[in-house]
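Note sheet for the following structure.
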Amino acid sequence: MSKPVVTRFAPSPTGYLHIGGARTALYSWLYAKGRGGKMLLRIEDTDRARSTQEAVEALIDGLTWLGLDWEGEPISQFSRAERHKQVAEELVAAGKAYYCYCTPEELTQMREKAREEGRPPRYDGRWRDRDASEAPEGIAPAVRLKAPFDGETTVYDEVQGTVAFPNKDLDDLVLLRSDGTPTYMLAVVVDDHDMGITHVIRGDDHFTNSARQVLIYKALGWDVPSMAHIPLIHGPDGAKLSKRHGATGAEAYRAMGYLPAAMRNYLARLGWSHGDDEIFSTDQMLEWFDFDAIGKSPSRMDFQKLANVNGHYMRSTNDPELMQHFKVFLAAIEDGAPILEWLQQSDNENTLLASMAALKERAKTLVELKDGASYLWATRPLSIEPKAEKLLSDEAKAVLARLTENLSDLDAWTMETTESAVKATAEQAELKLGKVAQPLRAALTGKTTSPGIYDVLVGLGRDESLGRLRDVCG
Ligand code: GLU
């Protein structure tokens with residue numbers, strides 16, 4: 001029986017969850033969960049200046065919003081520094097690594113000399129075979145791997161296949177700096193090994209690192225995990241995705257009103273395919289996701305497509321669930337607090353729910369949903385969109401004045417009673433129903449589109465509806 005799959009997501013805290021990282025996390029999650037395995041979370045927090053509590057929380061918040069979970073507590077790479085050091089010392093004891101006493105000046109000279117001679121800047125191995133007795137006084141050494149000079153190191157990559165790196169290009173890399181701190185190369189190998197990682201899934205910007213890491217695995221006599229390097233995400237113009245293309249952080253997508261399920265679907269498809277399918281449920285992704293259908297070249301972010309996928313999920317999410325997502329969205333945006341407050345008052349949440357079916361048909365994002373529903377919490381006098389203003393001619397206002405009277409005579413305020421008042425007004429004025437309903441919509445919502453007009457009347461209630469009508473008719 002094969003070993004259970006254990007993957008990990010290993011972000012460095014940068015202050016937010018990069019959308020490329022979010023996709024890496026999703027792939028690691030899908031691969032493990034789809035095979036009854038587990039994903040672990042390791043925070044690569046060795047850069048102490050950047051690894052603030054806030055930056056770590058931003059990562060966790062992004063993953064949680066996307067609905068990706070991990071097994072156990074997040075593991076801090078920094079907290080494992082002693083173990084990394086111990087492994088480096090073991091390699092020295094086994095003759096697989098050595099102390100290097102080069103000063104920073106010597107290393108700079110070495111690089112400059114290589115550059116003058118037109119060679120790539122490589123460490124020249126000057127402490128590789130020297131005896132410990134030659135160690136200078138008062139200089140703390142770094143630990144370097146005794147890497148092979150000849151031959152090549154191959155990385156078997158699940159996406160690109162086998163890629164060979166000439167060993168002469170992979171020099172004696174530093175494992176432990178002279179201040180005793182581990183390098184990223186050493187820490188990743190030791191952590192992946194100790195955490196029992198069977199599959200390393202990461203961006204293909206780590207490809208060369210993988211060759212160096214394979215050397216460390218070999219020196220330690222450890223099995224190299226399977227590796228899958230995912231081509232990066234590019235912007236619509238084909239250049240590496242950056243701020244200039246728009247948002248790069250997961251939290252920004254939340255604030256743009258995308259749903260987590262839509263993001264999972266879009267990100268999964270961005271770099272992986274299943275036939276011609278564009279829409280797949282999370283269960284289908286878990287069943288279908290595999291390395292063989294990961295694209296070999298970078299994928300391009302397509303914001304239009306993301307909006308379309310999101311529109312699909314808006315329409316197919318049931319109303320109460322969409323309401324939950326709407327609240328999460330409101331809590332994440334700057335002007336969301338007053339709307340959240342409004343939702344908590346009296347029966348407002350039900351009022352919005354009653355119109356949700358109509359609103360979500362017209363909204364590709366939660367931002368559009370918020371705009372479409374904004375008439376509900378708008379305060380009088382309403383600001384009227386220019387297109388809606390056009391519907392409010394003097395003639396139309398006269399009809400609305402008559403309607404206002406008819407409506408204020410009603411004993412009960414229901415879909416049926418308000419409908420009969422609108423119809424009666426149209427008959428009295430010898431107008432088609434639309435000639436009354438359209439200006440009515442403009443007066444009540446300030447817009448030309450809205451849920452059904454009787455839903456709007458009932459949703460707003462008698463006092464607010466009549467007030468808005470009087471604001472317009474004078
Ligand atoms: N911490 C690295 C990064 O954020 C990832 C390391 C890895 O996946 O091995 O790019």
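The way I read the labels, and the way they are meant: chains A, B, ... in the order of the structure tokens, residue 1 as the first residue of every chain, and ligand 1 as the first ligand shown, with later ones counted on from there.
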Problem set entry | DSSP-assigned strand (DSSP E) members of stretch 83-299 of chain A, reported as a ChimeraX atom specification | /A:97-100,142-145,152-157,161-166,174-176,199-203,226-230,233-234,299
Residues of chain A at most 6 Å from ligand 1: nearest atom pair and distance in Å, only C-alpha atoms and all ligand atoms, as a Markdown table:
| residue | atom | partner | partner_atom_place_in_ligand_line | distance |
| --- | --- | --- | --- | --- |
| A:Ala10 | CA | ligand 1 | 8 (O) | 4.9 |
| A:Pro11 | CA | ligand 1 | 4 (O) | 3.9 |
| A:Ser12 | CA | ligand 1 | 4 (O) | 4.3 |
| A:Glu44 | CA | ligand 1 | 1 (N) | 5.3 |
| A:Arg202 | CA | ligand 1 | 8 (O) | 4.9 |
In stretch 57-178 of chain A, what's alpha helix (DSSP H) per DSSP? Answer as a PDB file with N, CA and C atoms, in the first residue's frame?
ATOM      1  N   GLU A  57      -1.342  36.317  10.534  1.00  0.00           N
ATOM      2  CA  GLU A  57      -2.808  36.264  10.570  1.00  0.00           C
ATOM      3  C   GLU A  57      -3.415  36.540   9.199  1.00  0.00           C
ATOM      4  N   ALA A  58      -2.783  37.418   8.429  1.00  0.00           N
ATOM      5  CA  ALA A  58      -3.303  37.721   7.090  1.00  0.00           C
ATOM      6  C   ALA A  58      -3.289  36.462   6.215  1.00  0.00           C
ATOM      7  N   LEU A  59      -2.249  35.658   6.356  1.00  0.00           N
ATOM      8  CA  LEU A  59      -2.176  34.405   5.589  1.00  0.00           C
ATOM      9  C   LEU A  59      -3.290  33.447   6.000  1.00  0.00           C
ATOM     10  N   ILE A  60      -3.439  33.327   7.311  1.00  0.00           N
ATOM     11  CA  ILE A  60      -4.436  32.391   7.837  1.00  0.00           C
ATOM     12  C   ILE A  60      -5.839  32.856   7.471  1.00  0.00           C
ATOM     13  N   ASP A  61      -6.036  34.159   7.538  1.00  0.00           N
ATOM     14  CA  ASP A  61      -7.335  34.736   7.194  1.00  0.00           C
ATOM     15  C   ASP A  61      -7.661  34.459   5.712  1.00  0.00           C
ATOM     16  N   GLY A  62      -6.691  34.636   4.840  1.00  0.00           N
ATOM     17  CA  GLY A  62      -6.901  34.400   3.405  1.00  0.00           C
ATOM     18  C   GLY A  62      -7.250  32.947   3.122  1.00  0.00           C
ATOM     19  N   LEU A  63      -6.509  32.041   3.752  1.00  0.00           N
ATOM     20  CA  LEU A  63      -6.763  30.610   3.533  1.00  0.00           C
ATOM     21  C   LEU A  63      -8.141  30.224   4.071  1.00  0.00           C
ATOM     22  N   THR A  64      -8.467  30.768   5.233  1.00  0.00           N
ATOM     23  CA  THR A  64      -9.749  30.438   5.852  1.00  0.00           C
ATOM     24  C   THR A  64     -10.893  30.940   4.982  1.00  0.00           C
ATOM     25  N   TRP A  65     -10.744  32.152   4.484  1.00  0.00           N
ATOM     26  CA  TRP A  65     -11.787  32.692   3.611  1.00  0.00           C
ATOM     27  C   TRP A  65     -11.972  31.802   2.369  1.00  0.00           C
ATOM     28  N   LEU A  66     -10.858  31.316   1.832  1.00  0.00           N
ATOM     29  CA  LEU A  66     -10.954  30.458   0.646  1.00  0.00           C
ATOM     30  C   LEU A  66     -11.503  29.066   0.955  1.00  0.00           C
ATOM     31  N   ALA A  81      14.730  26.240  14.473  1.00  0.00           N
ATOM     32  CA  ALA A  81      16.114  26.594  14.116  1.00  0.00           C
ATOM     33  C   ALA A  81      17.149  25.673  14.779  1.00  0.00           C
ATOM     34  N   GLU A  82      16.891  25.259  16.023  1.00  0.00           N
ATOM     35  CA  GLU A  82      17.847  24.380  16.715  1.00  0.00           C
ATOM     36  C   GLU A  82      18.007  23.047  15.984  1.00  0.00           C
ATOM     37  N   ARG A  83      16.881  22.540  15.531  1.00  0.00           N
ATOM     38  CA  ARG A  83      16.893  21.260  14.803  1.00  0.00           C
ATOM     39  C   ARG A  83      17.674  21.422  13.480  1.00  0.00           C
ATOM     40  N   HIS A  84      17.474  22.551  12.814  1.00  0.00           N
ATOM     41  CA  HIS A  84      18.196  22.780  11.549  1.00  0.00           C
ATOM     42  C   HIS A  84      19.700  22.800  11.814  1.00  0.00           C
ATOM     43  N   LYS A  85      20.057  23.454  12.908  1.00  0.00           N
ATOM     44  CA  LYS A  85      21.470  23.577  13.265  1.00  0.00           C
ATOM     45  C   LYS A  85      22.060  22.195  13.547  1.00  0.00           C
ATOM     46  N   GLN A  86      21.287  21.421  14.275  1.00  0.00           N
ATOM     47  CA  GLN A  86      21.747  20.077  14.645  1.00  0.00           C
ATOM     48  C   GLN A  86      22.002  19.238  13.386  1.00  0.00           C
ATOM     49  N   VAL A  87      21.106  19.347  12.404  1.00  0.00           N
ATOM     50  CA  VAL A  87      21.279  18.568  11.165  1.00  0.00           C
ATOM     51  C   VAL A  87      22.536  19.035  10.431  1.00  0.00           C
ATOM     52  N   ALA A  88      22.771  20.348  10.435  1.00  0.00           N
ATOM     53  CA  ALA A  88      23.971  20.859   9.765  1.00  0.00           C
ATOM     54  C   ALA A  88      25.231  20.308  10.443  1.00  0.00           C
ATOM     55  N   GLU A  89      25.211  20.282  11.768  1.00  0.00           N
ATOM     56  CA  GLU A  89      26.378  19.768  12.509  1.00  0.00           C
ATOM     57  C   GLU A  89      26.582  18.275  12.216  1.00  0.00           C
ATOM     58  N   GLU A  90      25.476  17.566  12.085  1.00  0.00           N
ATOM     59  CA  GLU A  90      25.580  16.139  11.775  1.00  0.00           C
ATOM     60  C   GLU A  90      26.243  15.933  10.416  1.00  0.00           C
ATOM     61  N   LEU A  91      25.874  16.806   9.480  1.00  0.00           N
ATOM     62  CA  LEU A  91      26.478  16.690   8.147  1.00  0.00           C
ATOM     63  C   LEU A  91      27.976  16.978   8.204  1.00  0.00           C
ATOM     64  N   VAL A  92      28.363  17.927   9.041  1.00  0.00           N
ATOM     65  CA  VAL A  92      29.802  18.212   9.194  1.00  0.00           C
ATOM     66  C   VAL A  92      30.491  16.975   9.774  1.00  0.00           C
ATOM     67  N   ALA A  93      29.877  16.416  10.822  1.00  0.00           N
ATOM     68  CA  ALA A  93      30.479  15.246  11.476  1.00  0.00           C
ATOM     69  C   ALA A  93      30.629  14.074  10.498  1.00  0.00           C
ATOM     70  N   PRO A 104      33.293  38.195   4.753  1.00  0.00           N
ATOM     71  CA  PRO A 104      32.448  38.780   3.701  1.00  0.00           C
ATOM     72  C   PRO A 104      33.301  39.413   2.603  1.00  0.00           C
ATOM     73  N   GLU A 105      34.457  40.006   3.006  1.00  0.00           N
ATOM     74  CA  GLU A 105      35.330  40.650   1.999  1.00  0.00           C
ATOM     75  C   GLU A 105      35.878  39.609   1.020  1.00  0.00           C
ATOM     76  N   GLU A 106      36.287  38.483   1.566  1.00  0.00           N
ATOM     77  CA  GLU A 106      36.831  37.428   0.697  1.00  0.00           C
ATOM     78  C   GLU A 106      35.779  36.954  -0.307  1.00  0.00           C
ATOM     79  N   LEU A 107      34.540  36.829   0.202  1.00  0.00           N
ATOM     80  CA  LEU A 107      33.461  36.348  -0.680  1.00  0.00           C
ATOM     81  C   LEU A 107      33.178  37.364  -1.780  1.00  0.00           C
ATOM     82  N   THR A 108      33.243  38.637  -1.415  1.00  0.00           N
ATOM     83  CA  THR A 108      33.026  39.677  -2.425  1.00  0.00           C
ATOM     84  C   THR A 108      34.130  39.605  -3.484  1.00  0.00           C
ATOM     85  N   GLN A 109      35.378  39.484  -3.021  1.00  0.00           N
ATOM     86  CA  GLN A 109      36.516  39.372  -3.960  1.00  0.00           C
ATOM     87  C   GLN A 109      36.332  38.200  -4.912  1.00  0.00           C
ATOM     88  N   MET A 110      35.876  37.078  -4.310  1.00  0.00           N
ATOM     89  CA  MET A 110      35.678  35.856  -5.106  1.00  0.00           C
ATOM     90  C   MET A 110      34.659  36.104  -6.220  1.00  0.00           C
ATOM     91  N   ARG A 111      33.595  36.796  -5.849  1.00  0.00           N
ATOM     92  CA  ARG A 111      32.545  37.075  -6.848  1.00  0.00           C
ATOM     93  C   ARG A 111      33.065  38.007  -7.941  1.00  0.00           C
ATOM     94  N   GLU A 112      33.839  39.023  -7.482  1.00  0.00           N
ATOM     95  CA  GLU A 112      34.349  39.988  -8.474  1.00  0.00           C
ATOM     96  C   GLU A 112      35.320  39.343  -9.442  1.00  0.00           C
ATOM     97  N   LYS A 113      36.164  38.479  -8.890  1.00  0.00           N
ATOM     98  CA  LYS A 113      37.148  37.793  -9.740  1.00  0.00           C
ATOM     99  C   LYS A 113      36.416  36.940 -10.790  1.00  0.00           C
ATOM    100  N   ALA A 114      35.392  36.225 -10.326  1.00  0.00           N
ATOM    101  CA  ALA A 114      34.638  35.378 -11.258  1.00  0.00           C
ATOM    102  C   ALA A 114      34.015  36.243 -12.350  1.00  0.00           C
ATOM    103  N   ARG A 115      33.517  37.388 -11.939  1.00  0.00           N
ATOM    104  CA  ARG A 115      32.873  38.252 -12.922  1.00  0.00           C
ATOM    105  C   ARG A 115      33.883  38.753 -13.959  1.00  0.00           C
ATOM    106  N   GLU A 116      35.066  39.161 -13.467  1.00  0.00           N
ATOM    107  CA  GLU A 116      36.115  39.628 -14.389  1.00  0.00           C
ATOM    108  C   GLU A 116      36.493  38.550 -15.386  1.00  0.00           C
TER     109      GLU A 116
END
For this session: Counting only C-alpha atoms, figure out which residue out of A:Thr154, A:Thr282, A:Ser299, A:Gln160 gets nearest to A:Gly20.
Result: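 Result for the nearest residue to A:Gly20: A:Ser299.
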For this session: Would you please work out which residue, of A:Pro298, A:Gly138, A:Thr7, A:Tyr217, is nearest to A:Leu241 when using only C-alpha atoms?
Result: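 Counting only C-alpha atoms, the residue closest to A:Leu241 is A:Pro298.
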Exercise. With only C-alpha atoms as the atoms that count, which of A:Leu352, A:Met301, A:Ile384, A:Leu407 lies nearest to A:Leu460?
Worked result: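 Under the stated criterion, the closest residue is A:Leu352.
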Problem set entry | Pick from A:Thr425, A:Asn348, A:Ser28, A:Thr162, whichever lies nearest to A:Ile197 using only C-alpha atoms |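 Of A:Thr425, A:Asn348, A:Ser28, A:Thr162, the one nearest A:Ile197 is A:Ser28, counting only C-alpha atoms.
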Exercise. A:Glu405, A:Glu278, A:Asp302, A:Glu389: which is nearest A:Val422, counting only C-alpha atoms?
Worked result: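 Between A:Glu405, A:Glu278, A:Asp302, A:Glu389, the residue approaching A:Val422 most closely is A:Glu405.
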Exercise. For A:Thr24, which residue among A:Leu41, A:Ser178, A:Ser210, A:Leu173 is the nearest when counting only C-alpha atoms?
Worked result: A:Leu41
Closest atom pairs, residues of stretch 429-449 of chain A within 9 Å of stretch 464-472 of chain A, only C-alpha atoms, as a tab-separated table:
residue	atom	partner	partner_atom	distance
A:Leu440	CA	A:Leu469	CA	7.7
A:Ala443	CA	A:Leu469	CA	5.9
A:Leu444	CA	A:Arg468	CA	5.8
A:Thr445	CA	A:Arg468	CA	8.7
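Taking atom CA of A:Arg300 as the reference point, atom CA of A:Asp157 is found at 21.9 Å.
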For this session: Pick out the residues sitting within 9 Å of A:Cys100, and hand them over as a PyMOL selection string; count only C-alpha atoms, and ignore anything fewer than 4 positions along from it in its own chain.
Result: chain A and resi 125-128+135+140-144+174+178
